[in-house]
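The structure file final27.txt is reproduced below (compact mmCIF, C-alpha atoms and all ligand atoms).
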# COMPACT_ATOMS: atom_id res chain seq x y z
CA MET Q 1 24.71 -15.22 -207.15
CA ARG Q 2 23.52 -18.79 -206.78
CA LEU Q 3 23.95 -19.95 -203.17
CA ILE Q 4 24.08 -23.70 -202.67
CA VAL Q 5 23.48 -24.46 -198.99
CA TYR Q 6 24.79 -27.80 -197.72
CA PRO Q 7 22.84 -29.71 -195.03
CA SER Q 8 25.93 -29.40 -192.76
CA PHE Q 9 25.81 -25.60 -193.08
CA GLU Q 10 22.10 -25.36 -192.40
CA LYS Q 11 22.29 -27.65 -189.38
CA ARG Q 12 25.10 -25.58 -187.83
CA PHE Q 13 23.29 -22.32 -188.65
CA ILE Q 14 20.14 -23.49 -186.87
CA GLY Q 15 22.25 -24.30 -183.81
CA TYR Q 16 23.98 -20.90 -183.86
CA LYS Q 17 21.26 -18.51 -184.95
CA ASN Q 18 20.38 -17.28 -181.46
CA HIS Q 19 23.94 -16.11 -180.82
CA SER Q 20 24.77 -12.56 -181.83
CA HIS Q 21 28.27 -13.38 -182.97
CA ILE Q 22 30.30 -13.20 -186.11
CA PHE Q 23 30.92 -16.69 -187.46
CA LEU Q 24 33.44 -17.91 -190.03
CA VAL Q 25 31.87 -19.24 -193.22
CA TYR Q 26 33.51 -22.17 -195.02
CA GLY Q 27 32.66 -23.14 -198.56
CA LYS Q 28 33.72 -22.82 -202.17
CA VAL Q 29 33.52 -19.99 -204.66
CA TYR Q 30 33.19 -20.58 -208.40
CA ASP Q 31 33.28 -18.37 -211.48
CA ASP Q 32 33.91 -15.02 -209.84
CA PHE Q 33 31.19 -15.47 -207.19
CA GLN Q 34 28.47 -16.53 -209.62
CA VAL Q 35 28.14 -19.77 -207.66
CA VAL Q 36 28.93 -20.11 -203.96
CA HIS Q 37 28.71 -23.32 -201.96
CA LEU Q 38 28.05 -22.77 -198.25
CA ILE Q 39 29.49 -25.92 -196.67
CA ASP Q 40 29.82 -25.29 -192.94
CA LEU Q 41 30.48 -22.76 -190.18
CA ILE Q 42 33.56 -24.67 -189.11
CA SER Q 43 36.56 -25.72 -191.17
CA THR Q 44 36.13 -28.94 -193.23
CA PRO Q 45 38.58 -30.78 -195.52
CA ASN Q 46 36.60 -29.90 -198.66
CA SER Q 47 36.12 -26.19 -198.00
CA GLN Q 48 37.97 -22.93 -197.44
CA LEU Q 49 37.28 -19.75 -195.53
CA ILE Q 50 35.14 -17.64 -197.84
CA GLY Q 51 33.75 -15.00 -195.49
CA TYR Q 52 31.87 -14.12 -192.33
CA LEU Q 53 28.33 -14.42 -191.08
CA LYS Q 54 26.77 -11.96 -188.63
CA VAL Q 55 23.57 -13.01 -186.89
CA GLY Q 56 21.45 -10.06 -185.74
CA THR Q 57 21.68 -6.44 -186.79
CA SER Q 58 24.98 -5.08 -187.94
CA GLN Q 59 26.35 -1.57 -187.63
CA GLU Q 60 27.94 -0.10 -190.72
CA GLU Q 61 31.20 0.64 -188.91
CA GLU Q 62 31.35 -3.00 -187.79
CA LEU Q 63 31.01 -4.09 -191.38
CA TYR Q 64 33.98 -2.00 -192.48
CA ARG Q 65 36.06 -2.68 -189.41
CA THR Q 66 35.76 -6.43 -190.05
CA ALA Q 67 36.56 -5.81 -193.66
CA LYS Q 68 39.96 -4.37 -192.84
CA GLU Q 69 40.92 -7.53 -190.96
CA LEU Q 70 40.15 -9.97 -193.76
CA ASP Q 71 41.88 -11.29 -196.85
CA TYR Q 72 40.24 -10.26 -200.11
CA PRO Q 73 38.03 -11.31 -201.71
CA TYR Q 74 35.42 -12.49 -199.24
CA LEU Q 75 31.71 -12.40 -198.50
CA TYR Q 76 30.00 -10.81 -195.54
CA PHE Q 77 26.61 -12.31 -194.73
CA ILE Q 78 24.21 -10.57 -192.36
CA THR Q 79 20.96 -12.13 -191.22
CA GLU Q 80 18.78 -9.82 -189.21
CA SER Q 81 15.75 -12.11 -189.51
CA ARG Q 82 17.91 -14.99 -188.27
CA SER Q 83 16.89 -17.11 -191.26
CA LEU Q 84 18.90 -18.10 -194.31
CA GLU Q 85 16.20 -16.70 -196.57
CA GLY Q 86 16.61 -13.18 -195.15
CA LEU Q 87 20.30 -12.74 -195.88
CA SER Q 88 22.00 -9.53 -196.82
CA ILE Q 89 25.18 -10.36 -198.75
CA ASN Q 90 28.12 -8.02 -199.29
CA LEU Q 91 31.12 -8.85 -201.44
CA PHE Q 92 34.46 -7.29 -200.62
CA LYS Q 93 37.08 -7.33 -203.34
CA LYS Q 94 40.34 -5.44 -203.17
CA ASP Q 95 39.30 -2.50 -205.30
CA GLU Q 96 35.53 -2.66 -205.04
CA THR Q 97 32.81 -3.44 -202.57
CA ILE Q 98 29.46 -4.69 -203.75
CA LEU Q 99 26.76 -4.28 -201.16
CA ASN Q 100 23.53 -6.23 -201.12
CA ILE Q 101 24.20 -8.73 -203.84
CA GLU Q 102 21.13 -10.37 -205.30
CA TYR Q 103 21.06 -14.07 -204.77
CA GLU Q 104 18.94 -17.16 -205.10
CA ILE Q 105 19.22 -19.83 -202.49
CA GLU Q 106 19.12 -23.57 -203.11
CA LYS Q 107 19.26 -26.12 -200.34
CA LEU Q 108 21.25 -29.14 -201.36
CA ASP Q 109 19.02 -32.20 -201.06
CA LEU Q 110 21.29 -35.23 -201.14
CA SER Q 111 18.35 -37.63 -201.26
CA ARG Q 112 17.84 -36.44 -204.83
CA LEU Q 113 21.17 -37.99 -205.78
CA PHE Q 114 19.51 -41.36 -205.81
CA VAL Q 115 16.30 -41.23 -207.71
CA ARG Q 116 16.57 -44.90 -208.50
CA ILE Q 117 13.95 -47.55 -208.11
CA ASP Q 118 14.33 -51.19 -207.28
CA GLN Q 119 12.79 -53.18 -210.10
CA LYS Q 120 12.85 -56.60 -211.68
CA GLU Q 121 15.23 -55.46 -214.40
CA THR Q 122 17.75 -53.98 -211.96
CA PRO Q 123 17.23 -55.28 -208.44
CA LEU Q 124 18.87 -52.40 -206.60
CA ASN Q 125 17.82 -53.56 -203.16
CA ALA Q 126 19.71 -56.81 -203.71
CA LEU Q 127 22.79 -54.96 -204.97
CA ARG Q 128 22.76 -52.55 -202.05
CA ASN Q 129 23.21 -55.42 -199.62
CA LYS Q 130 26.33 -56.69 -201.39
CA SER Q 131 29.93 -56.19 -200.33
CA VAL Q 132 32.79 -56.18 -202.83
CA ALA Q 133 36.52 -56.27 -202.15
CA ILE Q 134 38.62 -54.65 -204.85
CA ILE Q 135 42.27 -55.64 -204.78
CA GLY Q 136 44.25 -53.18 -206.88
CA LEU Q 137 43.05 -49.57 -207.25
CA GLY Q 138 44.89 -48.69 -210.45
CA SER Q 139 43.23 -47.42 -213.63
CA GLY Q 140 41.05 -50.54 -213.93
CA GLY Q 141 40.29 -51.05 -210.23
CA SER Q 142 39.39 -47.42 -209.60
CA LEU Q 143 36.94 -47.28 -212.50
CA LEU Q 144 35.45 -50.65 -211.55
CA ALA Q 145 34.84 -49.37 -208.02
CA LEU Q 146 33.14 -46.25 -209.35
CA TYR Q 147 30.84 -48.17 -211.72
CA LEU Q 148 29.85 -50.71 -209.08
CA ALA Q 149 29.08 -47.89 -206.63
CA LYS Q 150 27.06 -46.08 -209.31
CA SER Q 151 25.21 -49.32 -210.00
CA GLY Q 152 24.03 -49.55 -206.41
CA VAL Q 153 26.62 -51.69 -204.59
CA LYS Q 154 26.94 -50.12 -201.16
CA ASN Q 155 29.83 -51.75 -199.29
CA PHE Q 156 33.44 -51.88 -200.42
CA ILE Q 157 36.86 -52.86 -199.15
CA PHE Q 158 39.77 -51.40 -201.14
CA ILE Q 159 43.14 -53.14 -200.79
CA ASP Q 160 46.31 -51.67 -202.31
CA ASP Q 161 49.64 -50.41 -200.97
CA ASP Q 162 50.42 -48.23 -204.01
CA GLN Q 163 50.48 -44.45 -204.05
CA LEU Q 164 49.39 -42.26 -206.94
CA GLU Q 165 52.31 -41.10 -209.06
CA THR Q 166 52.42 -38.44 -211.75
CA HIS Q 167 52.51 -40.98 -214.60
CA ASN Q 168 49.32 -42.68 -213.30
CA ILE Q 169 47.14 -39.63 -213.73
CA ILE Q 170 46.46 -39.84 -217.47
CA ARG Q 171 44.70 -43.22 -217.02
CA HIS Q 172 43.49 -43.00 -213.44
CA LEU Q 173 40.20 -41.76 -212.02
CA CYS Q 174 41.95 -39.29 -209.70
CA ASP Q 175 43.59 -36.02 -210.66
CA ILE Q 176 46.91 -34.29 -209.95
CA SER Q 177 45.67 -32.95 -206.63
CA GLN Q 178 45.89 -36.55 -205.38
CA ILE Q 179 49.52 -37.31 -206.32
CA GLY Q 180 51.40 -38.92 -203.44
CA ARG Q 181 48.29 -40.24 -201.68
CA TYR Q 182 47.44 -43.91 -201.34
CA LYS Q 183 45.28 -44.93 -204.29
CA THR Q 184 42.81 -46.52 -201.86
CA LEU Q 185 42.21 -43.22 -200.03
CA ALA Q 186 42.16 -41.05 -203.16
CA VAL Q 187 39.60 -43.32 -204.86
CA LYS Q 188 37.53 -43.47 -201.68
CA ASP Q 189 37.29 -39.66 -201.59
CA TYR Q 190 36.49 -39.47 -205.31
CA ILE Q 191 33.59 -41.91 -204.93
CA LEU Q 192 32.25 -40.43 -201.68
CA ALA Q 193 32.11 -37.00 -203.32
CA ARG Q 194 29.63 -38.48 -205.82
CA ILE Q 195 27.89 -41.22 -203.85
CA PRO Q 196 28.08 -40.16 -200.20
CA ASP Q 197 26.16 -43.10 -198.73
CA VAL Q 198 28.52 -45.92 -199.76
CA THR Q 199 30.72 -47.49 -197.10
CA ILE Q 200 34.38 -47.89 -198.03
CA GLN Q 201 37.01 -49.51 -195.84
CA THR Q 202 40.57 -49.06 -197.08
CA ILE Q 203 43.57 -51.30 -196.42
CA GLU Q 204 46.95 -49.86 -197.35
CA ARG Q 205 48.84 -53.11 -197.74
CA LYS Q 206 49.56 -55.59 -200.48
CA PHE Q 207 47.48 -58.76 -200.57
CA LEU Q 208 50.13 -61.36 -199.84
CA LEU Q 209 50.03 -64.34 -197.52
CA ASP Q 210 53.61 -64.57 -196.30
CA THR Q 211 52.79 -65.30 -192.67
CA LYS Q 212 50.00 -66.89 -190.67
CA GLU Q 213 49.22 -63.39 -189.38
CA ASP Q 214 48.54 -62.29 -192.99
CA PHE Q 215 46.24 -65.25 -193.47
CA ASP Q 216 44.28 -64.59 -190.29
CA TYR Q 217 44.11 -60.87 -190.98
CA PHE Q 218 42.57 -61.28 -194.43
CA LEU Q 219 40.27 -64.06 -193.25
CA THR Q 220 38.76 -61.73 -190.64
CA LEU Q 221 38.56 -58.93 -193.18
CA LEU Q 222 37.11 -60.83 -196.13
CA GLY Q 223 35.38 -63.84 -194.58
CA SER Q 224 31.88 -62.62 -195.40
CA ILE Q 225 32.47 -60.62 -198.60
CA ASP Q 226 30.24 -61.34 -201.64
CA LEU Q 227 32.83 -60.89 -204.38
CA ILE Q 228 36.55 -60.30 -204.73
CA ALA Q 229 37.72 -58.39 -207.81
CA ALA Q 230 41.38 -59.22 -208.38
CA VAL Q 231 42.54 -56.36 -210.58
CA SER Q 232 46.05 -55.64 -209.34
CA GLY Q 233 47.53 -57.05 -212.54
CA GLU Q 234 50.15 -58.90 -210.52
CA HIS Q 235 50.54 -62.66 -210.63
CA ASP Q 236 51.86 -63.01 -207.08
CA VAL Q 237 48.81 -61.20 -205.69
CA ASN Q 238 46.43 -63.25 -207.86
CA TYR Q 239 48.01 -66.53 -206.73
CA ALA Q 240 47.67 -65.38 -203.11
CA ILE Q 241 43.97 -64.56 -203.62
CA ASN Q 242 43.38 -67.95 -205.25
CA ASP Q 243 45.22 -69.74 -202.42
CA PHE Q 244 43.29 -67.74 -199.84
CA ILE Q 245 39.92 -68.79 -201.25
CA HIS Q 246 40.71 -72.44 -201.88
CA SER Q 247 42.76 -73.27 -198.81
CA ASN Q 248 40.07 -71.78 -196.56
CA GLN Q 249 37.31 -73.35 -198.71
CA LEU Q 250 35.54 -70.01 -198.79
CA PRO Q 251 32.36 -69.88 -200.90
CA ILE Q 252 33.38 -66.50 -202.34
CA PRO Q 253 33.51 -65.86 -206.10
CA VAL Q 254 36.60 -64.10 -207.46
CA VAL Q 255 36.93 -62.23 -210.74
CA PHE Q 256 40.43 -62.01 -212.15
CA ALA Q 257 41.08 -59.44 -214.86
CA GLY Q 258 44.13 -58.20 -216.67
CA THR Q 259 45.26 -56.68 -219.92
CA PHE Q 260 47.46 -57.93 -222.74
CA GLU Q 261 50.64 -56.19 -223.69
CA GLY Q 262 49.98 -52.70 -224.97
CA VAL Q 263 46.34 -53.13 -223.91
CA LYS Q 264 45.61 -54.71 -227.28
CA GLY Q 265 42.96 -56.43 -225.24
CA GLY Q 266 42.41 -58.17 -221.97
CA LEU Q 267 40.82 -61.07 -220.23
CA MET Q 268 38.49 -61.60 -217.33
CA PHE Q 269 37.44 -64.81 -215.72
CA LYS Q 270 35.36 -65.95 -212.83
CA VAL Q 271 36.40 -68.49 -210.22
CA ASP Q 272 33.37 -69.46 -208.19
CA PRO Q 273 34.11 -72.17 -205.63
CA ARG Q 274 30.36 -72.57 -205.08
CA ASN Q 275 30.21 -74.05 -208.59
CA SER Q 276 33.48 -75.94 -208.19
CA ASP Q 277 34.96 -73.85 -211.04
CA PHE Q 278 38.48 -74.15 -212.38
CA CYS Q 279 40.79 -71.71 -210.65
CA TYR Q 280 43.65 -69.30 -211.26
CA HIS Q 281 46.19 -72.10 -210.90
CA CYS Q 282 44.32 -74.14 -213.50
CA ILE Q 283 44.67 -71.27 -216.00
CA TYR Q 284 48.08 -70.00 -215.01
CA ALA Q 285 50.07 -72.89 -213.65
CA ARG Q 286 52.80 -71.71 -211.31
CA PRO Q 287 56.10 -71.17 -213.11
CA GLU Q 288 57.46 -74.53 -211.87
CA ASN Q 289 54.50 -76.22 -213.54
CA TYR Q 290 54.85 -74.55 -216.93
CA GLY Q 291 54.60 -76.97 -219.77
CA SER Q 292 51.51 -78.80 -218.59
CA ILE Q 293 50.04 -80.31 -221.72
CA ARG Q 294 46.94 -78.75 -223.21
CA THR Q 295 45.07 -79.48 -226.37
CA LYS Q 296 42.45 -76.72 -226.06
CA ALA Q 297 42.07 -73.65 -228.26
CA ILE Q 298 43.03 -71.24 -225.51
CA PRO Q 299 46.64 -70.18 -225.34
CA THR Q 300 48.69 -72.30 -222.97
CA THR Q 301 49.93 -70.82 -219.76
CA GLU Q 302 53.23 -70.10 -221.42
CA GLU Q 303 51.58 -68.38 -224.39
CA LEU Q 304 49.32 -66.35 -222.15
CA GLU Q 305 52.29 -65.50 -220.01
CA ARG Q 306 54.05 -64.07 -223.01
CA LYS Q 307 50.93 -62.19 -224.11
CA ILE Q 308 50.01 -60.66 -220.81
CA SER Q 309 52.26 -57.93 -219.68
CA TYR Q 310 51.54 -57.39 -216.03
CA ASP Q 311 54.60 -55.28 -215.40
CA ARG Q 312 54.77 -52.74 -218.19
CA THR Q 313 57.80 -50.51 -218.20
CA MET Q 314 57.39 -46.79 -217.83
CA GLN Q 315 58.53 -46.30 -221.42
CA GLU Q 316 55.79 -48.62 -222.68
CA GLN Q 317 53.17 -46.80 -220.65
CA LEU Q 318 54.25 -43.39 -221.87
CA ALA Q 319 54.26 -44.62 -225.45
CA GLN Q 320 50.64 -45.75 -225.38
CA PRO Q 321 48.30 -42.79 -225.53
CA GLY Q 322 45.28 -45.04 -226.17
CA LEU Q 323 45.88 -46.99 -223.01
CA GLY Q 324 43.36 -45.21 -220.80
CA LEU Q 325 40.50 -45.65 -223.26
CA ASP Q 326 41.42 -49.28 -223.86
CA VAL Q 327 41.61 -50.08 -220.16
CA ASP Q 328 38.23 -48.40 -219.62
CA ASN Q 329 36.64 -50.46 -222.40
CA LEU Q 330 37.56 -53.67 -220.65
CA THR Q 331 36.65 -52.30 -217.22
CA ILE Q 332 33.08 -51.49 -218.25
CA LEU Q 333 32.60 -55.09 -219.39
CA LEU Q 334 34.20 -56.22 -216.14
CA ALA Q 335 31.73 -54.14 -214.11
CA LYS Q 336 28.83 -55.83 -215.91
CA PHE Q 337 30.44 -59.22 -215.32
CA CYS Q 338 30.71 -58.42 -211.59
CA LEU Q 339 27.06 -57.30 -211.37
CA ASP Q 340 25.92 -60.56 -212.96
CA ILE Q 341 27.98 -62.57 -210.44
CA LEU Q 342 26.64 -60.53 -207.51
CA LEU Q 343 23.10 -61.27 -208.71
CA THR Q 344 23.62 -65.03 -208.98
CA ASN Q 345 20.29 -66.75 -208.18
CA ILE Q 346 18.46 -63.40 -208.17
CA PRO Q 347 16.28 -62.77 -211.24
CA HIS Q 348 17.49 -59.70 -213.16
CA GLY Q 349 17.37 -58.18 -216.61
CA LEU Q 350 21.03 -57.20 -216.89
CA TYR Q 351 23.29 -59.03 -219.32
CA GLN Q 352 23.92 -62.57 -218.05
CA PHE Q 353 27.34 -63.97 -218.84
CA PRO Q 354 26.95 -67.66 -219.67
CA HIS Q 355 30.67 -68.50 -219.48
CA ASN Q 356 33.49 -68.17 -217.00
CA PHE Q 357 36.33 -67.00 -219.21
CA TYR Q 358 36.30 -64.06 -221.63
CA MET Q 359 38.82 -62.25 -223.78
CA TRP Q 360 38.37 -58.88 -225.42
CA PHE Q 361 40.46 -57.15 -228.07
CA ASN Q 362 40.60 -53.43 -228.58
CA ARG Q 363 41.86 -53.95 -232.10
CA THR Q 364 41.73 -56.74 -234.66
CA ILE Q 365 44.56 -59.19 -234.08
CA LEU Q 366 46.04 -60.76 -237.21
CA LYS Q 367 47.95 -64.01 -237.59
CA PRO Q 368 51.41 -63.79 -239.21
CA ASN Q 369 49.81 -64.80 -242.55
CA GLY Q 370 47.39 -61.87 -242.38
CA GLU Q 371 44.29 -63.85 -241.43
CA VAL Q 372 42.12 -62.43 -238.66
CA LYS Q 373 42.88 -64.19 -235.39
CA PHE Q 374 40.57 -62.13 -233.19
CA ASP Q 375 38.13 -59.42 -234.27
CA GLY Q 376 38.36 -56.22 -232.29
CA MET Q 377 35.45 -55.09 -230.07
CA GLU Q 378 34.04 -58.58 -229.69
CA LEU Q 379 33.82 -60.65 -226.57
CA TYR Q 380 35.42 -64.08 -226.96
CA TYR Q 381 34.62 -66.85 -224.57
CA TYR Q 382 35.99 -70.29 -223.93
CA GLU Q 383 33.45 -72.86 -222.85
CA ASP Q 384 35.74 -75.87 -222.92
CA LEU Q 385 38.21 -74.67 -220.31
CA ASP Q 386 38.77 -77.18 -217.61
CA LYS Q 387 40.69 -77.87 -214.46
CA ASP Q 388 44.39 -78.51 -214.83
CA ILE Q 389 46.18 -81.62 -213.61
CA SER Q 390 49.02 -79.52 -212.17
CA CYS Q 391 46.66 -77.43 -209.99
CA PRO Q 392 47.22 -77.98 -206.26
CA TYR Q 393 43.46 -77.66 -205.66
CA HIS Q 394 41.99 -79.47 -208.66
CA GLY Q 395 44.74 -81.73 -209.99
CA PHE Q 396 43.69 -84.41 -207.53
CA GLU Q 397 40.13 -84.53 -208.94
CA ILE Q 398 41.48 -85.02 -212.44
CA LYS Q 399 43.83 -87.82 -211.38
CA GLN Q 400 40.90 -89.57 -209.69
CA THR Q 401 38.69 -89.24 -212.76
CA THR Q 402 41.49 -90.54 -214.98
CA GLU Q 403 41.92 -93.58 -212.72
CA VAL Q 404 38.16 -94.28 -212.84
CA ASP Q 405 38.32 -94.04 -216.64
CA LYS Q 406 41.14 -96.56 -216.71
CA THR Q 407 39.20 -98.97 -214.49
CA GLU Q 408 36.24 -98.76 -216.81
ZN ZN Q 501 42.56 -75.13 -209.92
Would you write the structure of this file as C-alpha cells?
Amino acid sequence: MRLIVYPSFEKRFIGYKNHSHIFLVYGKVYDDFQVVHLIDLISTPNSQLIGYLKVGTSQEEELYRTAKELDYPYLYFITESRSLEGLSINLFKKDETILNIEYEIEKLDLSRLFVRIDQKETPLNALRNKSVAIIGLGSGGSLLALYLAKSGVKNFIFIDDDQLETHNIIRHLCDISQIGRYKTLAVKDYILARIPDVTIQTIERKFLLDTKEDFDYFLTLLGSIDLIAAVSGEHDVNYAINDFIHSNQLPIPVVFAGTFEGVKGGLMFKVDPRNSDFCYHCIYARPENYGSIRTKAIPTTEELERKISYDRTMQEQLAQPGLGLDVDNLTILLAKFCLDILLTNIPHGLYQFPHNFYMWFNRTILKPNGEVKFDGMELYYYEDLDKDISCPYHGFEIKQTTEVDKTE
C-alpha cells in the first residue's frame, strides 16, 4: 500500500498524537487499497471516511469491537510509537481481514508542484503579480483560465451566471460530477486542485451595465485588473465590457474572442486603451449602425455578424463532435495572446503578437468558385484595421481628422 500523507493530515496528527483516543480518518482510496490518500482527521469536502486511527497501544478486543461498528471496507491505523512512520495498518473487508499491511509512506510536498524558475525567456515573477478577469467560463473561458494559471498568473476573477449543464460536459473542463453548479465555482475547484496557490474570486452574475449600481459594482471589482478576457461569446456582454472600459477611461486591455459558426474557426482581438486602439464598437458597430461603409479586406460588421454564431442551437452543438478540439485550438492561441499582453513592456521570449486582430481557421475555407479563401491552421492578421466613424468612442476622432484633411 502506498500511503500519501497530506500536510493537513500531518499537521492535525501532530496536534493529536498525545491523546489516547480513536480518531476518524478522512481520505481517498484507489485501486482496491493499493493507493490511499490520508487527507485529514476531520471531514473535508474532498475526502470521505476511510477508517480509524488509534494513538497508543491497542488491545485486540478493542480492534474487533470497533470493527463491528464500522462500514466495510475500512482501514484501522494504530500508532504505538506516536509517529506516522511507526504505523500498524489493518484492512477490514466484509469477508476478510488483513492485519499488518505493508506500506510505504510518502509525505505530499506541495512546494514540488512548482519547480519553475523565473527567467528572461519566461518572466514568471512578473506574471505572478498579474490579475486577470475572465468573463465567460464556458469551454473556451475555462481552458483559458487553466492555461493562464499553469503559466504562472496568480490572481483571477471569474464572472459568469451560467450553470454547468449535461450538454456542456463534452467540451468543458469540468466533468459530470459538477453538473448543476455555477461554472465559476466548478472551474475554480478544478484549478485549485491542480494549482493550490492561485487566488480566484468568483462572481455569479452576468456582466451587464443596466443600472448605475452595476457600473459602480464592476468598477470597484475590476478597477485595478491587468487584463479582461471577454470570452462569453455574447455580443451584449462584449458591448458592456467595451462601454465599461471606455466610458471610465480605464487603462485596462481587453481581449475579445469568439468562434465562427460550427467552430470552423474563430477570432481574437485586443483593445488596449493605453495604445488608443480601435474598440469593439469599431469592429462590430451596434445593430443600429450596421451598414457603415468599409473598404478594407476584413469582413464588414454585417458579414462578420453572419459568420459568427454566438448563440448556437442545441442541435448544432450536438451535431458537431469536433467542436471541443476546435475550441481548444483557438483557446491555446488565445492564452499565448493574453500572456504577451500581460507582459507588455517586460522583456520576454514568448511569442510576441505584432497585431491586434487575428483570425484562425480549423479547416481550409473555400470560396464558391473553389479557390482557397483561408488556409486552415494558419493565423491571419489584419494590420490595416482602423477606428470606425460610427463608434461612440472613436467616431469623433475620425470626424476631426477628416475635417483637418478638408482644410488642408
Ligand atoms: Zn471604437
Tell me, as a list in words, which residues lie within 6 Å of region 259-276 of chain Q, counting only C-alpha atoms; anything in the same chain fewer than 2 positions away does not count.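 So, after excluding close chain neighbours, the residues are Pro251, Pro253, Val254, Val255, Phe256, Ala257, Cys279, Lys307, Ile308, Ser309, Asn356, Phe357, Tyr358, Met359, Trp360, Phe361 and Asn362 of chain Q.
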Convert the current residue selection to file output with C-alpha atoms, as a short mmCIF file (atom, residue, chain, number, x, y, z; two decimals), in the coordinates of the input.
data_model
loop_
_atom_site.label_atom_id
_atom_site.label_comp_id
_atom_site.auth_asym_id
_atom_site.auth_seq_id
_atom_site.Cartn_x
_atom_site.Cartn_y
_atom_site.Cartn_z
CA PRO Q 251 32.36 -69.88 -200.90
CA PRO Q 253 33.51 -65.86 -206.10
CA VAL Q 254 36.60 -64.10 -207.46
CA VAL Q 255 36.93 -62.23 -210.74
CA PHE Q 256 40.43 -62.01 -212.15
CA ALA Q 257 41.08 -59.44 -214.86
CA CYS Q 279 40.79 -71.71 -210.65
CA LYS Q 307 50.93 -62.19 -224.11
CA ILE Q 308 50.01 -60.66 -220.81
CA SER Q 309 52.26 -57.93 -219.68
CA ASN Q 356 33.49 -68.17 -217.00
CA PHE Q 357 36.33 -67.00 -219.21
CA TYR Q 358 36.30 -64.06 -221.63
CA MET Q 359 38.82 -62.25 -223.78
CA TRP Q 360 38.37 -58.88 -225.42
CA PHE Q 361 40.46 -57.15 -228.07
CA ASN Q 362 40.60 -53.43 -228.58
#
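Between His394 (chain Q) and the residues Q:Asp277, Q:Glu85, Q:Glu165, Q:Asp328, the shortest atom-to-atom distance, using all atoms listed in the file, involves Q:Asp277.
Taking all atoms listed in the file into account, Asp226 (chain Q) lies nearest to Q:Leu343 out of the set Q:Leu343, Q:Asp197, Q:Ile169, Q:Gln178.
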Nearest to Glu234 (chain Q): which of Q:Cys391, Q:Leu350, Q:Ile135, Q:Ala145 is it, counting all atoms listed in the file? Q:Ile135
Interatomic distance between CA of Ile159 (chain Q) and CA of Ile283 (chain Q)?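 Computing the Euclidean distance for CA of Ile159 (chain Q) and CA of Ile283 (chain Q) yields 23.7 Å.
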For chain Q versus ligand ZN 501 (chain Q), which residues have an atom no more than 12 Å away, and what is each residue's nearest atom pair and distance in Å rounded to one decimal, using all atoms listed in the file, chain-then-number order, as a tab-separated table?
residue	atom	partner	partner_atom	distance
Q:Tyr239	CA	Q:ZN501	ZN	10.7
Q:Asn242	CA	Q:ZN501	ZN	8.6
Q:Asp243	CA	Q:ZN501	ZN	9.6
Q:Ile245	CA	Q:ZN501	ZN	11.1
Q:His246	CA	Q:ZN501	ZN	8.7
Q:Ser247	CA	Q:ZN501	ZN	11.3
Q:Val271	CA	Q:ZN501	ZN	9.1
Q:Asp272	CA	Q:ZN501	ZN	10.9
Q:Pro273	CA	Q:ZN501	ZN	9.9
Q:Ser276	CA	Q:ZN501	ZN	9.3
Q:Asp277	CA	Q:ZN501	ZN	7.8
Q:Phe278	CA	Q:ZN501	ZN	4.9
Q:Cys279	CA	Q:ZN501	ZN	3.9
Q:Tyr280	CA	Q:ZN501	ZN	6.1
Q:His281	CA	Q:ZN501	ZN	4.8
Q:Cys282	CA	Q:ZN501	ZN	4.1
Q:Ile283	CA	Q:ZN501	ZN	7.5
Q:Tyr284	CA	Q:ZN501	ZN	9.1
Q:Ala285	CA	Q:ZN501	ZN	8.7
Q:Arg286	CA	Q:ZN501	ZN	10.9
Q:Leu385	CA	Q:ZN501	ZN	11.3
Q:Asp386	CA	Q:ZN501	ZN	8.8
Q:Lys387	CA	Q:ZN501	ZN	5.6
Q:Asp388	CA	Q:ZN501	ZN	6.2
Q:Ile389	CA	Q:ZN501	ZN	8.3
Q:Ser390	CA	Q:ZN501	ZN	8.1
Q:Cys391	CA	Q:ZN501	ZN	4.7
Q:Pro392	CA	Q:ZN501	ZN	6.6
Q:Tyr393	CA	Q:ZN501	ZN	5.0
Q:His394	CA	Q:ZN501	ZN	4.6
Q:Gly395	CA	Q:ZN501	ZN	7.0
Q:Phe396	CA	Q:ZN501	ZN	9.6
Q:Glu397	CA	Q:ZN501	ZN	9.8
Q:Ile398	CA	Q:ZN501	ZN	10.3
Place a sphere of radius 8 Å on (26.0, -42.0, -202.9) in the file coordinates and name every protein, DNA or RNA residue with an atom inside or on its surface, counting all atoms listed in the file; give the answer as a PDB file with C-alpha atoms, keeping the file's coordinate frame.
ATOM      1  CA  LEU Q 113      21.170 -37.990-205.780  1.00  0.00           C
ATOM      2  CA  PHE Q 114      19.510 -41.360-205.810  1.00  0.00           C
ATOM      3  CA  ALA Q 149      29.080 -47.890-206.630  1.00  0.00           C
ATOM      4  CA  LYS Q 150      27.060 -46.080-209.310  1.00  0.00           C
ATOM      5  CA  ILE Q 191      33.590 -41.910-204.930  1.00  0.00           C
ATOM      6  CA  LEU Q 192      32.250 -40.430-201.680  1.00  0.00           C
ATOM      7  CA  ALA Q 193      32.110 -37.000-203.320  1.00  0.00           C
ATOM      8  CA  ARG Q 194      29.630 -38.480-205.820  1.00  0.00           C
ATOM      9  CA  ILE Q 195      27.890 -41.220-203.850  1.00  0.00           C
ATOM     10  CA  PRO Q 196      28.080 -40.160-200.200  1.00  0.00           C
ATOM     11  CA  ASP Q 197      26.160 -43.100-198.730  1.00  0.00           C
ATOM     12  CA  VAL Q 198      28.520 -45.920-199.760  1.00  0.00           C
TER      13      VAL Q 198
END
The distance between CA of Tyr30 (chain Q) and CA of Asn100 (chain Q) is 18.8 Å
Could you check the closest approach to Leu3 (chain Q) for each of Q:Tyr72, Q:Pro347, Q:Phe33, Q:Glu104 and tell me which residue wins, using all atoms listed in the file? Q:Glu104
For Lys183 (chain Q), find every residue with an atom within 7 Å (counting only C-alpha atoms), except residues of its own chain fewer than 3 positions away, and show them as a VMD selection string. chain Q and resid 137 162 to 164 186 to 187
What lies within 12 Å of Thr97 (chain Q) using only C-alpha atoms, ignoring chain neighbours under 4 positions off, as a list in words? Leu63, Tyr64, Ala67, Tyr72, Pro73, Tyr74, Leu75, Tyr76, Ile89, Asn90, Leu91, Phe92, Lys93 and Ile101 of chain Q
Listed atoms of region 335-341 of chain Q boxed axis-aligned with 6 Å per side, centre + edges as JSON:
{"center_x": 28.8, "center_y": -58.4, "center_z": -213.2, "size_x": 17.8, "size_y": 20.4, "size_z": 17.5}
